[in-house]
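First the structure, in the form of structure tokens, and then the observations on it.
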Amino acid sequence: MAPGGPPLSYEEAHATYQIVTGNPDTVIEKLKHVIDVVDPSYMVLWGREGPMTHETATRCIDLLGQEVIPAIKEYESKRGR
């Protein structure tokens, strides 16, 4: 068994929110769900995983900074944290 539990397939990790992917609106909604269920003190996000072009990675990171992170910060502030 791997540290932290048994290894999961990509599909299992995605279904249990251990991996969050999608367009900004999808990612925002999934992260809101994680926040509501887990109430984490910290979240680690990264915009480059696996093989992708530099342009794609840059676009992912831009979307995180321009859309996802501001929406999550706003959501957190409305929750009173």
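Labeling convention for the structure tokens: chains A, B, ... as they appear, residues from 1 per chain, ligands from 1 in order of appearance.
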
- [ ] Name all residues at most 12 Å from Met43 of chain A (count only C-alpha atoms; drop same-chain ones fewer than 5 positions away) and give them as a ChimeraX atom specification.
- [x] /A:18,20,31-32,34-35,38,69,72-73

Put those residues in a file: N, CA and C atoms, as a short mmCIF file (atom, residue, chain, number, x, y, z; two decimals), in the first residue's frame.
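What ended up in out_2.cif:
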```cif
data_model
loop_
_atom_site.label_atom_id
_atom_site.label_comp_id
_atom_site.auth_asym_id
_atom_site.auth_seq_id
_atom_site.Cartn_x
_atom_site.Cartn_y
_atom_site.Cartn_z
N GLN A 18 -9.48 14.31 -5.72
CA GLN A 18 -8.04 14.38 -5.46
C GLN A 18 -7.31 14.98 -6.65
N VAL A 20 -8.42 17.74 -9.74
CA VAL A 20 -9.46 18.65 -10.20
C VAL A 20 -8.99 19.24 -11.53
N LEU A 31 -13.69 23.09 -6.73
CA LEU A 31 -12.95 23.56 -5.56
C LEU A 31 -13.88 24.08 -4.48
N LYS A 32 -14.98 24.70 -4.85
CA LYS A 32 -15.98 25.11 -3.85
C LYS A 32 -16.49 23.89 -3.10
N VAL A 34 -14.89 21.05 -2.61
CA VAL A 34 -13.81 20.61 -1.72
C VAL A 34 -13.77 21.50 -0.47
N ILE A 35 -13.88 22.79 -0.64
CA ILE A 35 -13.86 23.73 0.48
C ILE A 35 -15.02 23.45 1.42
N VAL A 38 -14.24 19.76 3.07
CA VAL A 38 -13.00 19.56 3.83
C VAL A 38 -12.64 20.77 4.69
N ILE A 69 -8.41 31.51 -8.93
CA ILE A 69 -8.01 32.00 -7.60
C ILE A 69 -8.86 33.18 -7.13
N ILE A 72 -12.22 31.80 -5.98
CA ILE A 72 -12.12 31.05 -4.72
C ILE A 72 -11.90 32.00 -3.55
N LYS A 73 -11.10 33.02 -3.73
CA LYS A 73 -10.91 34.02 -2.67
C LYS A 73 -12.23 34.70 -2.33
#
```

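Look at His33 of chain A: the protein and nucleic acid residues within 12 Å of it, using only C-alpha atoms and passing over chain neighbours fewer than 4 places away, are Thr16, Tyr17, Gln18, Val20, Thr26, Val27, Ile28, Glu29, Val37, Val38, Asp39, Pro40, Ile72, Tyr75 and Glu76 of chain A.
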
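Taking atom CA of Gly80 of chain A and atom CA of Cys60 of chain A as the two end points, the separation is 28.4 Å.
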
Task: Non-local contacts of Ile19 of chain A (12 Å; only C-alpha atoms; under 4 positions in same chain excluded) as number ranges by chain - done: A: 8-15, 27, 30-31, 34, 44-47, 49

Could those residues be written to a file, using N, CA, C and O atoms, as an mmCIF file, in the first residue's frame?
```cif
data_model
loop_
_atom_site.group_PDB
_atom_site.id
_atom_site.type_symbol
_atom_site.label_atom_id
_atom_site.label_comp_id
_atom_site.auth_asym_id
_atom_site.auth_seq_id
_atom_site.Cartn_x
_atom_site.Cartn_y
_atom_site.Cartn_z
ATOM 1 N N LEU A 8 -4.765 5.048 -6.594
ATOM 2 C CA LEU A 8 -6.038 5.186 -7.295
ATOM 3 C C LEU A 8 -5.787 5.367 -8.779
ATOM 4 O O LEU A 8 -4.783 5.950 -9.184
ATOM 5 N N SER A 9 -6.741 4.928 -9.573
ATOM 6 C CA SER A 9 -6.679 5.230 -10.998
ATOM 7 C C SER A 9 -6.971 6.719 -11.176
ATOM 8 O O SER A 9 -7.479 7.398 -10.268
ATOM 9 N N TYR A 10 -6.679 7.236 -12.344
ATOM 10 C CA TYR A 10 -6.986 8.635 -12.649
ATOM 11 C C TYR A 10 -8.473 8.905 -12.433
ATOM 12 O O TYR A 10 -8.854 9.906 -11.820
ATOM 13 N N GLU A 11 -9.304 7.993 -12.916
ATOM 14 C CA GLU A 11 -10.757 8.170 -12.799
ATOM 15 C C GLU A 11 -11.197 8.203 -11.336
ATOM 16 O O GLU A 11 -12.033 9.004 -10.946
ATOM 17 N N GLU A 12 -10.622 7.320 -10.518
ATOM 18 C CA GLU A 12 -10.970 7.299 -9.092
ATOM 19 C C GLU A 12 -10.493 8.574 -8.395
ATOM 20 O O GLU A 12 -11.223 9.140 -7.570
ATOM 21 N N ALA A 13 -9.289 9.012 -8.721
ATOM 22 C CA ALA A 13 -8.774 10.235 -8.117
ATOM 23 C C ALA A 13 -9.609 11.440 -8.540
ATOM 24 O O ALA A 13 -9.874 12.338 -7.737
ATOM 25 N N HIS A 14 -10.053 11.460 -9.770
ATOM 26 C CA HIS A 14 -10.898 12.553 -10.267
ATOM 27 C C HIS A 14 -12.267 12.509 -9.581
ATOM 28 O O HIS A 14 -12.785 13.543 -9.156
ATOM 29 N N ALA A 15 -12.838 11.337 -9.457
ATOM 30 C CA ALA A 15 -14.169 11.191 -8.842
ATOM 31 C C ALA A 15 -14.170 11.567 -7.368
ATOM 32 O O ALA A 15 -15.200 11.994 -6.835
ATOM 33 N N VAL A 27 -13.593 23.992 -12.651
ATOM 34 C CA VAL A 27 -12.613 23.921 -11.562
ATOM 35 C C VAL A 27 -13.103 24.721 -10.357
ATOM 36 O O VAL A 27 -13.008 24.252 -9.213
ATOM 37 N N LYS A 30 -15.787 22.704 -8.564
ATOM 38 C CA LYS A 30 -15.197 21.554 -7.878
ATOM 39 C C LYS A 30 -14.436 21.997 -6.630
ATOM 40 O O LYS A 30 -14.528 21.356 -5.578
ATOM 41 N N LEU A 31 -13.687 23.090 -6.725
ATOM 42 C CA LEU A 31 -12.950 23.564 -5.561
ATOM 43 C C LEU A 31 -13.882 24.080 -4.477
ATOM 44 O O LEU A 31 -13.615 23.899 -3.290
ATOM 45 N N VAL A 34 -14.890 21.048 -2.607
ATOM 46 C CA VAL A 34 -13.807 20.615 -1.718
ATOM 47 C C VAL A 34 -13.769 21.497 -0.472
ATOM 48 O O VAL A 34 -13.674 21.000 0.662
ATOM 49 N N VAL A 44 -3.106 23.707 -2.479
ATOM 50 C CA VAL A 44 -1.982 23.830 -3.391
ATOM 51 C C VAL A 44 -2.519 23.593 -4.802
ATOM 52 O O VAL A 44 -3.135 22.570 -5.069
ATOM 53 N N LEU A 45 -2.303 24.560 -5.665
ATOM 54 C CA LEU A 45 -2.776 24.468 -7.046
ATOM 55 C C LEU A 45 -1.590 24.607 -7.980
ATOM 56 O O LEU A 45 -0.692 25.404 -7.739
ATOM 57 N N TRP A 46 -1.588 23.835 -9.034
ATOM 58 C CA TRP A 46 -0.597 24.059 -10.066
ATOM 59 C C TRP A 46 -1.221 23.842 -11.426
ATOM 60 O O TRP A 46 -2.158 23.088 -11.578
ATOM 61 N N GLY A 47 -0.688 24.560 -12.388
ATOM 62 C CA GLY A 47 -1.300 24.593 -13.704
ATOM 63 C C GLY A 47 -0.551 23.816 -14.760
ATOM 64 O O GLY A 47 -0.815 23.989 -15.937
ATOM 65 N N GLU A 49 0.758 19.842 -15.469
ATOM 66 C CA GLU A 49 0.910 18.434 -15.088
ATOM 67 C C GLU A 49 0.926 17.609 -16.356
ATOM 68 O O GLU A 49 0.044 17.732 -17.199
#
```

TODO: Record the distance separating atom CA of Glu67 of chain A and atom CA of Asp25 of chain A, expressed in Å with one decimal.
DONE: 8.5 Å

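Atom CA of Tyr42 of chain A is found 16.2 Å from atom CA of Gly65 of chain A.
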
- [ ] Could you give me, as a PyMOL selection string, each residue of chain A that DSSP assigns to helix (DSSP H, G or I) when run on this structure's backbone?
- [x] chain A and resi 10-15+24-38+54-79

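In terms of minimum interatomic distance to Ala71 of chain A, A:Pro24 ranks closest within A:Pro24, A:Asp36, A:Gly50, A:Pro7, counting only C-alpha atoms.
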